[in-house]
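Visitor: Contents of structure_36.txt (compact mmCIF, C-alpha atoms and all ligand atoms) are below:
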# COMPACT_ATOMS: atom_id res chain seq x y z
CA MET A 1 0.00 0.00 0.00
CA PRO A 2 1.73 3.22 -1.12
CA ILE A 3 2.10 6.20 1.17
CA SER A 4 1.28 9.60 -0.24
CA SER A 5 3.72 12.48 -0.51
CA SER A 6 1.06 15.19 -1.08
CA LEU A 7 3.72 17.83 -1.81
CA GLU A 8 2.69 21.26 -2.97
CA PRO A 9 4.04 22.26 -6.42
CA ALA A 10 7.43 23.93 -6.04
CA PRO A 11 7.67 27.68 -6.65
CA ALA A 12 9.33 28.36 -10.00
CA HIS A 13 12.46 29.84 -8.37
CA THR A 14 13.42 26.79 -6.30
CA GLN A 15 17.09 26.43 -7.16
CA VAL A 16 18.68 23.23 -5.92
CA SER A 17 22.11 23.27 -4.31
CA ARG A 18 24.25 20.26 -3.53
CA ASP A 19 23.70 21.07 0.16
CA PHE A 20 19.95 20.73 -0.30
CA ILE A 21 20.48 17.17 -1.53
CA GLN A 22 23.12 16.38 1.09
CA ASN A 23 20.77 17.43 3.89
CA MET A 24 17.67 15.89 2.32
CA PRO A 25 16.48 12.72 4.09
CA LYS A 26 17.30 10.02 1.57
CA VAL A 27 16.44 6.36 1.03
CA GLU A 28 18.99 3.89 -0.37
CA LEU A 29 17.59 0.61 -1.69
CA HIS A 30 20.43 -0.94 -3.71
CA LEU A 31 23.71 -1.26 -1.85
CA HIS A 32 25.96 -4.32 -1.47
CA LEU A 33 27.76 -4.54 1.85
CA GLY A 34 30.98 -5.87 0.28
CA GLY A 35 31.06 -2.94 -2.14
CA SER A 36 30.23 -0.36 0.50
CA TYR A 37 32.58 -0.69 3.48
CA PRO A 38 34.10 2.71 4.17
CA LEU A 39 37.48 2.97 2.46
CA SER A 40 39.02 4.43 5.63
CA TYR A 41 38.01 1.26 7.50
CA LEU A 42 39.46 -1.08 4.87
CA GLU A 43 42.68 0.91 4.81
CA GLU A 44 42.96 0.51 8.57
CA ILE A 45 42.71 -3.28 8.42
CA SER A 46 44.48 -4.03 5.08
CA THR A 47 47.97 -5.30 4.53
CA ASP A 48 50.12 -3.02 2.33
CA HIS A 49 49.65 -5.41 -0.57
CA ASP A 50 45.84 -5.48 -0.29
CA ARG A 51 45.70 -1.70 0.16
CA GLN A 52 47.56 -1.35 -3.12
CA CYS A 53 45.26 -3.89 -4.85
CA LEU A 54 42.20 -2.05 -3.59
CA HIS A 55 43.36 1.26 -4.97
CA GLU A 56 43.99 -0.32 -8.34
CA TYR A 57 40.31 -1.11 -8.64
CA LEU A 58 38.95 2.16 -7.33
CA CYS A 59 38.72 5.48 -9.18
CA PRO A 60 40.45 6.83 -11.24
CA LYS A 61 41.62 3.51 -12.73
CA ARG A 62 38.02 2.45 -13.03
CA ASP A 63 37.69 3.32 -16.70
CA ILE A 64 39.83 0.34 -17.65
CA ILE A 65 37.64 -2.20 -15.86
CA SER A 66 35.05 -4.14 -17.86
CA TYR A 67 31.77 -5.50 -16.41
CA HIS A 68 33.09 -9.05 -15.96
CA GLU A 69 36.53 -7.89 -14.76
CA TRP A 70 35.43 -5.60 -12.00
CA PHE A 71 33.84 -8.43 -10.01
CA ARG A 72 37.42 -9.38 -9.09
CA VAL A 73 37.58 -6.44 -6.70
CA PHE A 74 35.23 -8.32 -4.39
CA ASP A 75 37.86 -11.04 -3.92
CA VAL A 76 40.24 -8.39 -2.56
CA ILE A 77 37.56 -7.04 -0.21
CA GLU A 78 36.72 -10.53 1.04
CA ARG A 79 40.44 -11.05 1.73
CA VAL A 80 40.58 -7.83 3.78
CA VAL A 81 37.30 -8.25 5.69
CA ASP A 82 38.06 -11.82 6.68
CA SER A 83 36.38 -12.39 10.04
CA GLU A 84 33.00 -11.97 11.68
CA SER A 85 34.33 -9.19 13.93
CA LYS A 86 35.60 -7.21 10.92
CA VAL A 87 32.28 -7.70 9.13
CA GLU A 88 30.42 -6.44 12.19
CA GLU A 89 32.61 -3.37 12.51
CA GLY A 90 32.43 -2.70 8.76
CA ALA A 91 28.62 -2.81 8.79
CA ARG A 92 28.57 -0.48 11.81
CA ARG A 93 30.90 2.01 10.14
CA LEU A 94 28.89 1.85 6.93
CA CYS A 95 25.75 2.94 8.85
CA HIS A 96 27.73 5.90 10.20
CA ASP A 97 28.84 6.91 6.67
CA LEU A 98 25.32 6.63 5.31
CA ALA A 99 23.82 8.61 8.19
CA LYS A 100 26.41 11.34 7.59
CA ASP A 101 25.28 11.46 3.96
CA GLY A 102 21.68 12.07 5.08
CA VAL A 103 20.38 8.55 4.43
CA ILE A 104 17.47 7.85 6.80
CA TYR A 105 16.70 4.36 5.57
CA VAL A 106 18.86 1.78 3.82
CA GLU A 107 18.40 -1.77 2.64
CA ILE A 108 21.84 -3.40 2.77
CA ARG A 109 22.26 -6.59 0.79
CA THR A 110 24.90 -9.26 1.21
CA GLY A 111 25.67 -12.84 0.18
CA LEU A 112 26.45 -15.47 2.82
CA LYS A 113 30.10 -16.13 3.63
CA ASP A 114 31.91 -18.52 5.89
CA TYR A 115 34.83 -16.95 7.73
CA GLY A 116 35.36 -20.00 9.91
CA GLN A 117 32.29 -19.95 12.10
CA GLY A 118 29.75 -20.77 9.39
CA TYR A 119 27.25 -18.88 7.27
CA VAL A 120 24.80 -18.23 10.07
CA ALA A 121 27.54 -16.56 12.12
CA TYR A 122 28.21 -14.27 9.15
CA ILE A 123 24.57 -13.11 9.02
CA ASP A 124 24.58 -12.67 12.81
CA ALA A 125 27.71 -10.50 12.55
CA VAL A 126 26.22 -8.33 9.79
CA GLN A 127 23.04 -7.88 11.81
CA ARG A 128 24.97 -7.01 14.97
CA GLY A 129 26.90 -4.35 13.07
CA ILE A 130 23.72 -2.92 11.57
CA GLU A 131 21.98 -2.90 14.96
CA ARG A 132 24.88 -1.02 16.51
CA GLY A 133 24.87 1.42 13.61
CA ILE A 134 21.14 2.02 14.06
CA LYS A 135 21.54 2.65 17.80
CA GLU A 136 24.49 4.97 17.39
CA THR A 137 23.20 7.07 14.47
CA GLY A 138 19.40 6.83 14.39
CA ILE A 139 19.46 5.58 10.78
CA GLN A 140 16.95 2.85 9.95
CA ALA A 141 18.39 -0.17 8.17
CA ARG A 142 17.25 -3.60 7.04
CA LEU A 143 19.07 -6.54 5.49
CA ILE A 144 18.49 -8.31 2.18
CA LEU A 145 20.22 -11.67 1.68
CA SER A 146 21.73 -12.31 -1.75
CA PHE A 147 22.61 -15.30 -3.82
CA ARG A 148 24.05 -15.51 -7.33
CA ARG A 149 22.91 -17.35 -10.42
CA ASN A 150 25.80 -19.79 -9.83
CA THR A 151 25.35 -20.24 -6.06
CA PRO A 152 25.17 -23.97 -5.18
CA PHE A 153 21.57 -25.02 -4.49
CA ASP A 154 22.15 -25.86 -0.81
CA LEU A 155 23.66 -22.46 -0.08
CA ALA A 156 20.88 -20.62 -1.91
CA LYS A 157 18.37 -22.73 0.06
CA LEU A 158 20.07 -21.81 3.33
CA THR A 159 20.02 -18.15 2.27
CA VAL A 160 16.26 -18.26 1.74
CA GLU A 161 15.63 -20.26 4.92
CA GLU A 162 17.65 -17.80 7.00
CA ALA A 163 15.86 -14.84 5.41
CA ILE A 164 12.48 -16.38 6.21
CA ALA A 165 13.53 -17.17 9.79
CA ARG A 166 14.73 -13.58 10.25
CA LYS A 167 11.74 -11.91 8.58
CA ASP A 168 10.45 -9.19 10.94
CA LYS A 169 13.83 -9.49 12.73
CA GLY A 170 15.79 -7.23 10.44
CA VAL A 171 15.71 -9.15 7.15
CA VAL A 172 13.28 -7.94 4.48
CA GLY A 173 14.20 -9.58 1.21
CA ILE A 174 16.17 -11.76 -1.17
CA ASP A 175 18.39 -10.47 -3.95
CA VAL A 176 19.88 -12.24 -6.96
CA SER A 177 23.19 -10.61 -7.87
CA GLY A 178 26.71 -11.43 -9.08
CA ASP A 179 27.85 -11.51 -12.71
CA SER A 180 24.56 -11.98 -14.52
CA GLY A 181 26.24 -13.75 -17.43
CA ILE A 182 27.48 -16.62 -15.23
CA GLY A 183 25.45 -19.53 -13.89
CA ASN A 184 22.11 -21.23 -14.45
CA ILE A 185 19.39 -19.84 -12.24
CA GLU A 186 16.72 -22.35 -13.23
CA PRO A 187 17.14 -24.79 -10.29
CA LEU A 188 17.06 -21.85 -7.86
CA LEU A 189 13.80 -20.33 -9.09
CA PRO A 190 11.52 -22.33 -6.74
CA LEU A 191 13.51 -20.84 -3.83
CA LEU A 192 12.57 -17.35 -5.00
CA THR A 193 8.91 -18.38 -5.13
CA LYS A 194 9.15 -19.73 -1.61
CA ALA A 195 10.72 -16.49 -0.40
CA LYS A 196 8.05 -14.37 -2.07
CA GLU A 197 5.25 -16.54 -0.70
CA SER A 198 6.75 -16.09 2.77
CA GLY A 199 6.31 -12.34 2.43
CA LEU A 200 9.89 -11.36 1.63
CA GLY A 201 10.67 -8.70 -0.96
CA ILE A 202 12.37 -9.98 -4.12
CA CYS A 203 14.86 -7.95 -6.13
CA ILE A 204 16.78 -9.35 -9.07
CA HIS A 205 19.75 -7.90 -10.94
CA MET A 206 18.71 -7.99 -14.55
CA GLY A 207 19.72 -6.28 -17.75
CA GLU A 208 23.33 -5.75 -16.67
CA CYS A 209 25.04 -7.33 -19.64
CA VAL A 210 23.98 -8.21 -23.15
CA GLU A 211 24.91 -11.88 -22.71
CA GLU A 212 22.07 -12.44 -20.25
CA CYS A 213 19.73 -15.10 -21.57
CA ASP A 214 17.56 -15.84 -18.54
CA GLN A 215 15.42 -12.70 -18.27
CA LYS A 216 12.26 -14.26 -19.67
CA LEU A 217 12.88 -17.54 -17.86
CA ILE A 218 13.00 -15.68 -14.54
CA LEU A 219 10.08 -13.34 -15.21
CA ASP A 220 7.87 -16.18 -16.48
CA HIS A 221 8.53 -17.93 -13.19
CA ILE A 222 8.30 -15.05 -10.74
CA ILE A 223 7.34 -11.38 -10.78
CA PRO A 224 9.88 -9.76 -8.43
CA HIS A 225 9.18 -6.53 -6.57
CA ARG A 226 12.20 -4.69 -7.93
CA ILE A 227 14.73 -5.02 -10.75
CA GLY A 228 18.38 -4.08 -10.23
CA HIS A 229 19.75 -1.92 -13.08
CA GLY A 230 17.43 -3.01 -15.94
CA VAL A 231 19.75 -1.44 -18.50
CA HIS A 232 19.77 -4.15 -21.19
CA LEU A 233 16.31 -5.64 -20.96
CA GLY A 234 15.14 -7.76 -23.90
CA ASP A 235 11.76 -6.94 -25.44
CA ASP A 236 9.89 -9.60 -23.41
CA ALA A 237 11.46 -8.55 -20.12
CA HIS A 238 10.93 -4.87 -20.89
CA LYS A 239 7.22 -5.53 -21.49
CA ILE A 240 6.82 -7.48 -18.25
CA VAL A 241 8.73 -4.88 -16.20
CA HIS A 242 6.60 -2.08 -17.60
CA GLU A 243 3.23 -3.82 -17.56
CA ASN A 244 3.78 -4.79 -13.93
CA LYS A 245 5.28 -1.42 -13.05
CA LEU A 246 8.25 -3.11 -11.36
CA ALA A 247 10.44 -0.60 -9.58
CA VAL A 248 13.86 -0.29 -11.21
CA GLU A 249 16.90 0.38 -9.02
CA ALA A 250 18.97 2.66 -11.24
CA CYS A 251 22.63 3.10 -10.30
CA LEU A 252 23.99 5.72 -12.69
CA THR A 253 27.69 5.73 -11.87
CA SER A 254 27.82 1.97 -11.48
CA SER A 255 26.20 1.46 -14.88
CA VAL A 256 28.86 3.60 -16.55
CA ILE A 257 31.86 2.20 -14.71
CA ALA A 258 30.75 -1.39 -15.14
CA GLN A 259 30.39 -0.50 -18.83
CA MET A 260 26.68 -1.14 -19.14
CA ILE A 261 26.30 2.30 -20.77
CA ALA A 262 28.75 4.92 -22.02
CA LYS A 263 27.26 7.89 -20.14
CA GLU A 264 24.90 8.36 -17.20
CA GLU A 265 22.48 10.21 -19.52
CA HIS A 266 22.01 6.99 -21.49
CA HIS A 267 20.50 5.07 -18.58
CA PRO A 268 17.07 4.04 -19.90
CA ALA A 269 15.48 4.31 -16.44
CA ILE A 270 15.78 8.11 -16.57
CA GLU A 271 13.34 8.27 -19.47
CA TRP A 272 11.10 5.64 -17.85
CA TRP A 273 11.03 7.68 -14.65
CA LYS A 274 10.09 10.83 -16.58
CA ASN A 275 7.21 8.83 -18.06
CA GLY A 276 5.97 7.78 -14.63
CA HIS A 277 7.60 4.35 -14.27
CA PRO A 278 8.75 3.58 -10.69
CA VAL A 279 12.49 4.14 -10.37
CA CYS A 280 14.69 4.51 -7.30
CA PHE A 281 18.16 5.96 -7.74
CA SER A 282 20.83 4.12 -5.74
CA THR A 283 24.59 3.75 -5.45
CA ASP A 284 25.18 -0.05 -5.77
CA ASP A 285 28.74 -0.07 -4.38
CA PRO A 286 29.74 3.32 -2.95
CA LEU A 287 33.21 2.08 -2.01
CA ILE A 288 34.06 0.76 -5.45
CA PHE A 289 32.55 3.62 -7.41
CA GLN A 290 33.54 6.21 -4.77
CA VAL A 291 30.07 7.79 -4.83
CA SER A 292 27.48 8.64 -2.22
CA LEU A 293 23.72 8.84 -2.71
CA THR A 294 24.12 12.62 -2.56
CA ASP A 295 26.57 12.40 -5.48
CA GLU A 296 24.16 10.31 -7.51
CA LEU A 297 21.16 12.57 -6.92
CA TRP A 298 23.26 15.67 -7.52
CA LYS A 299 24.41 14.21 -10.84
CA LEU A 300 20.82 13.42 -11.78
CA SER A 301 19.58 16.85 -10.72
CA GLN A 302 22.22 18.54 -12.85
CA MET A 303 21.46 16.36 -15.85
CA GLU A 304 17.71 16.76 -15.63
CA ASN A 305 17.54 20.19 -14.05
CA LEU A 306 15.44 18.88 -11.16
CA ASP A 307 13.73 21.16 -8.68
CA LYS A 308 13.42 20.60 -4.94
CA LYS A 309 9.98 19.04 -5.17
CA GLN A 310 11.14 16.47 -7.73
CA LEU A 311 14.12 15.57 -5.58
CA VAL A 312 12.11 15.19 -2.40
CA GLU A 313 9.62 13.09 -4.32
CA LEU A 314 12.44 10.71 -5.19
CA SER A 315 12.86 10.08 -1.45
CA TYR A 316 9.13 9.50 -1.01
CA ASP A 317 9.11 7.16 -3.98
CA ALA A 318 12.10 5.15 -2.74
CA LEU A 319 10.46 4.80 0.67
CA ASN A 320 7.34 3.53 -1.11
CA TYR A 321 9.31 0.93 -3.09
CA SER A 322 11.16 -0.24 0.03
CA PHE A 323 10.35 -3.55 1.70
CA LEU A 324 9.15 -1.89 4.90
CA SER A 325 5.57 -2.36 6.09
CA LYS A 326 3.08 0.47 5.63
CA GLU A 327 3.38 1.32 9.35
CA GLU A 328 7.16 1.43 9.18
CA LYS A 329 7.01 3.68 6.11
CA GLU A 330 4.58 5.98 7.90
CA SER A 331 6.97 6.22 10.83
CA LEU A 332 9.71 7.59 8.55
CA ILE A 333 7.73 9.79 6.21
CA HIS A 334 7.55 12.74 8.63
CA LYS A 335 11.33 13.14 8.37
CA ILE A 336 10.95 13.84 4.65
CA LYS A 337 7.83 15.97 5.17
CA ASN A 338 9.52 18.08 7.83
CA TYR A 339 12.37 18.78 5.46
CA TYR A 340 10.29 20.09 2.59
CA CYS A 341 6.53 20.41 2.26
P1 LIG A 401 28.64 -8.88 -0.57
O1 LIG A 401 27.67 -9.93 -1.01
O2 LIG A 401 28.18 -8.11 0.62
O3 LIG A 401 30.03 -9.43 -0.41
O4 LIG A 401 28.73 -7.79 -1.74
C1 LIG A 401 29.54 -7.99 -2.88
C2 LIG A 401 28.85 -8.86 -3.89
O5 LIG A 401 27.71 -8.17 -4.42
C3 LIG A 401 29.71 -9.15 -5.11
O6 LIG A 401 30.51 -10.28 -4.92
C4 LIG A 401 28.69 -9.37 -6.21
O7 LIG A 401 28.24 -10.71 -6.18
C5 LIG A 401 27.54 -8.50 -5.79
N1 LIG A 401 27.51 -7.25 -6.54
C6 LIG A 401 27.96 -6.04 -6.18
N2 LIG A 401 27.69 -5.14 -7.14
C7 LIG A 401 27.03 -5.78 -8.10
C8 LIG A 401 26.45 -5.38 -9.35
O8 LIG A 401 26.44 -4.24 -9.79
N3 LIG A 401 25.89 -6.37 -10.08
C9 LIG A 401 25.81 -7.65 -9.66
N4 LIG A 401 26.31 -8.04 -8.50
C10 LIG A 401 26.91 -7.13 -7.73
ZN ZN A 402 24.03 -4.37 -7.50
Produce C-alpha cells that represent the structure in this file.
Ligand code: IMP
Ligand code: ZN
Guide:
Amino acid sequence: MPISSSLEPAPAHTQVSRDFIQNMPKVELHLHLGGSYPLSYLEEISTDHDRQCLHEYLCPKRDIISYHEWFRVFDVIERVVDSESKVEEGARRLCHDLAKDGVIYVEIRTGLKDYGQGYVAYIDAVQRGIERGIKETGIQARLILSFRRNTPFDLAKLTVEEAIARKDKGVVGIDVSGDSGIGNIEPLLPLLTKAKESGLGICIHMGECVEECDQKLILDHIIPHRIGHGVHLGDDAHKIVHENKLAVEACLTSSVIAQMIAKEEHHPAIEWWKNGHPVCFSTDDPLIFQVSLTDELWKLSQMENLDKKQLVELSYDALNYSFLSKEEKESLIHKIKNYYC
C-alpha cells in the first residue's frame, strides 16, 4: 500500500544546491555490503599489498575495468574483511557513513560467507553491526540476503531459509546478484517463489550485460518486486517490467563504470522515470565507485535540471518501493515531510 507524498508544487524559483540534496532525508535501496565498506576502515585493516590492490580497482583507474573484470575487486575485499568481527565493525561504520550522507533508511544486501564460524555466524555479525549502527546514528536499516545465479543449491536454500527465519527481525528480502552472465538460475527459481510466498521482498539484478539469456525464464517464473539496473532488458522482459510497473533500481555511476552504458544520460530508467515508471536511484557499491547517494542525486539533478519538489519526491518514492511495512514507512515519512513540504 503506497504512502502519499502530497507535496505542494514547487515555486518556479526553487534552485537546488548540492547542500539541499546532502541534507535531504534520503532512502537507499540498492547497496551491497561488500562494495560499501568505508574505504578508511578497509585501509585501517588491510595489509600493504591489499591496500595497493584495492586502490587499483577504485577510481580513477576504473575506466579500464570491464563489467566481468570488475567483479574481481570483491575477492580483494573478502580477503581484507576476513572475520566476523571485521564484518560487524564494517557494517557499523557503513551505517555511520550513510547517516552522515543524510540517508534515513537503507536496505543493505549481502551474500552469505563462511569466515570459519559458518554462514549463520556471518549473518549474525552483519546484523549485529547494523543494529549497533542504528543505535548509534538513528538511521533505519534492514538486510536483504543475496545469492548468485551460480550459487550452489544448498547455499541458496540456506540463504532463503535464513531470510524467512529472520523476517520481521531485520531481514526484508532476497536479492539475486553477481555476474549476470554466469550460472544457471533455473534450479534456484523455486527458492525465490518460496521467499516471495513467505512475504519477503524480491529484487533481481537484470539487464546488466547483453549476454544475459535468462530474463524471460525468470520473469515467467516469478514477478519480483524490484529489478536491479534493468539497463539491457530484452523486449519480453521490458514488457513485463513495464506492464507490472516493477520498480527499477537505477545506479547511474555503477552502470557507466561497469560498462553497461557509455554515459549516465544513457540510462534508460531516466526516461522511464520521466514517463511515470517507478524508479529509485541508488549507489550499488559506494566504495568501489567512490560515490554517495548525494553524489548520484546531484548528478541526476544537474542532468535533468530537477527542482526541490522532484528531488524530495524521489525520497518518497524510494520509501514507497522499500520492503518496509506500511506502518514502518509511515513512521519515517515525517522526516521527509519536515524537510520540505
Ligand atoms: P557482498 O555480497 O556483501 O560481499 O557484496 C559484494 C557482492 O555483491 C559481489 O561479490 C557481487 O556478487 C555482488 N555485486 C555487487 N555489485 C554488483 C552489481 O552491480 N551487479 C551484480 N552483482 C553485484
Ligand atoms: Zn548491485
Visitor: Name all residues at most 9 Å from Val176 in chain A (count all atoms listed in the file; drop same-chain ones fewer than 2 positions away) and give them as a list in words.
Guide: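 The contact residues come out as Leu145, Ser146, Phe147, Arg148, Arg149, Ile174, Gly178, Ser180, Ile202, Cys203, Ile204, His205, Met206 and Gly228 of chain A.
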Visitor: For the selection just defined, write its residues with C-alpha atoms to a file, as a short mmCIF file (atom, residue, chain, number, x, y, z; two decimals), in the frame of the given file.
Guide:
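The resulting part.cif:
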data_model
loop_
_atom_site.label_atom_id
_atom_site.label_comp_id
_atom_site.auth_asym_id
_atom_site.auth_seq_id
_atom_site.Cartn_x
_atom_site.Cartn_y
_atom_site.Cartn_z
CA LEU A 145 20.22 -11.67 1.68
CA SER A 146 21.73 -12.31 -1.75
CA PHE A 147 22.61 -15.30 -3.82
CA ARG A 148 24.05 -15.51 -7.33
CA ARG A 149 22.91 -17.35 -10.42
CA ILE A 174 16.17 -11.76 -1.17
CA GLY A 178 26.71 -11.43 -9.08
CA SER A 180 24.56 -11.98 -14.52
CA ILE A 202 12.37 -9.98 -4.12
CA CYS A 203 14.86 -7.95 -6.13
CA ILE A 204 16.78 -9.35 -9.07
CA HIS A 205 19.75 -7.90 -10.94
CA MET A 206 18.71 -7.99 -14.55
CA GLY A 228 18.38 -4.08 -10.23
#
Visitor: Smallest atom-to-atom distance to Met303 in chain A: which of A:Asp214, A:Asp82, A:Glu264, A:Asp220, using all atoms listed in the file?
Guide: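 Residue with the minimum atom-to-atom distance to Met303 in chain A: A:Glu264.
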Visitor: Residues within 9 Å of ligand ZN 402 (chain A), counting only C-alpha atoms and all ligand atoms: report them as a CSV table (one decimal) with C-alpha atoms, in the frame of the given file.
Guide:
chain,number,residue,atom,x,y,z
A,30,HIS,CA,20.4,-0.9,-3.7
A,31,LEU,CA,23.7,-1.3,-1.8
A,32,HIS,CA,26.0,-4.3,-1.5
A,35,GLY,CA,31.1,-2.9,-2.1
A,109,ARG,CA,22.3,-6.6,0.8
A,176,VAL,CA,19.9,-12.2,-7.0
A,177,SER,CA,23.2,-10.6,-7.9
A,178,GLY,CA,26.7,-11.4,-9.1
A,204,ILE,CA,16.8,-9.4,-9.1
A,205,HIS,CA,19.8,-7.9,-10.9
A,228,GLY,CA,18.4,-4.1,-10.2
A,229,HIS,CA,19.8,-1.9,-13.1
A,249,GLU,CA,16.9,0.4,-9.0
A,251,CYS,CA,22.6,3.1,-10.3
A,254,SER,CA,27.8,2.0,-11.5
A,283,THR,CA,24.6,3.8,-5.4
A,284,ASP,CA,25.2,0.0,-5.8
A,285,ASP,CA,28.7,-0.1,-4.4
Visitor: Around range 218-222 of chain A, with edges along x, y and z and 4 Å added on all six sides, what centre and edge lengths do you get, in Å to one decimal, as AutoDock Vina command-line options?
Guide:
--center_x 10.4 --center_y -15.6 --center_z -13.6 --size_x 13.1 --size_y 12.6 --size_z 13.7
Visitor: Report, in Å with one decimal, the straight-line distance from CA of Ile182 in chain A to CA of Val126 in chain A.
Guide: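 Rounded to one decimal, the two atoms are 26.4 Å apart.
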Visitor: Write out as a ChimeraX atom specification which residues come within 10 Å of Glu265 in chain A when counting only C-alpha atoms, dropping same-chain ones fewer than 4 positions away.
Guide: /A:252,256,261,269-271,299-300,303-304
Visitor: One decimal, in Å: what's the spacing between CA of Gln117 in chain A and CA of Asp154 in chain A?
Guide: 17.4 Å
Visitor: Please fill the gaps in range 287-304 of chain A so it has N, CA and C atoms, and write that as a tab-separated table (two decimals), in the frame of the given file.
Guide:
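In the end it all went to out.tsv:
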chain	number	residue	atom	x	y	z
A	287	LEU	N	31.75	2.19	-2.19
A	287	LEU	CA	33.21	2.08	-2.01
A	287	LEU	C	33.89	1.97	-3.38
A	288	ILE	N	33.39	1.06	-4.19
A	288	ILE	CA	34.06	0.76	-5.45
A	288	ILE	C	33.93	1.92	-6.43
A	289	PHE	N	32.75	2.53	-6.45
A	289	PHE	CA	32.55	3.62	-7.41
A	289	PHE	C	32.86	4.97	-6.79
A	290	GLN	N	33.19	4.96	-5.46
A	290	GLN	CA	33.54	6.21	-4.77
A	290	GLN	C	32.46	7.27	-4.99
A	291	VAL	N	31.20	6.85	-4.74
A	291	VAL	CA	30.07	7.79	-4.83
A	291	VAL	C	29.19	7.62	-3.61
A	292	SER	N	28.50	8.70	-3.27
A	292	SER	CA	27.48	8.64	-2.22
A	292	SER	C	26.12	8.82	-2.90
A	293	LEU	N	25.05	8.62	-2.13
A	293	LEU	CA	23.72	8.84	-2.71
A	293	LEU	C	23.55	10.33	-3.05
A	294	THR	N	24.14	11.19	-2.23
A	294	THR	CA	24.12	12.62	-2.56
A	294	THR	C	24.76	12.86	-3.93
A	295	ASP	N	25.90	12.23	-4.18
A	295	ASP	CA	26.57	12.40	-5.48
A	295	ASP	C	25.65	11.98	-6.62
A	296	GLU	N	25.00	10.83	-6.43
A	296	GLU	CA	24.16	10.31	-7.51
A	296	GLU	C	22.98	11.23	-7.79
A	297	LEU	N	22.33	11.70	-6.73
A	297	LEU	CA	21.16	12.57	-6.92
A	297	LEU	C	21.57	13.94	-7.44
A	298	TRP	N	22.74	14.39	-7.03
A	298	TRP	CA	23.26	15.67	-7.52
A	298	TRP	C	23.51	15.56	-9.03
A	299	LYS	N	24.14	14.45	-9.41
A	299	LYS	CA	24.41	14.21	-10.84
A	299	LYS	C	23.10	14.21	-11.64
A	300	LEU	N	22.12	13.49	-11.10
A	300	LEU	CA	20.82	13.42	-11.78
A	300	LEU	C	20.17	14.80	-11.86
A	301	SER	N	20.25	15.54	-10.75
A	301	SER	CA	19.58	16.85	-10.72
A	301	SER	C	20.22	17.81	-11.71
A	302	GLN	N	21.53	17.69	-11.88
A	302	GLN	CA	22.22	18.54	-12.85
A	302	GLN	C	21.84	18.16	-14.29
A	303	MET	N	21.78	16.84	-14.50
A	303	MET	CA	21.46	16.36	-15.85
A	303	MET	C	20.05	16.73	-16.26
A	304	GLU	N	19.13	16.61	-15.31
A	304	GLU	CA	17.71	16.76	-15.63
A	304	GLU	C	17.13	18.07	-15.12
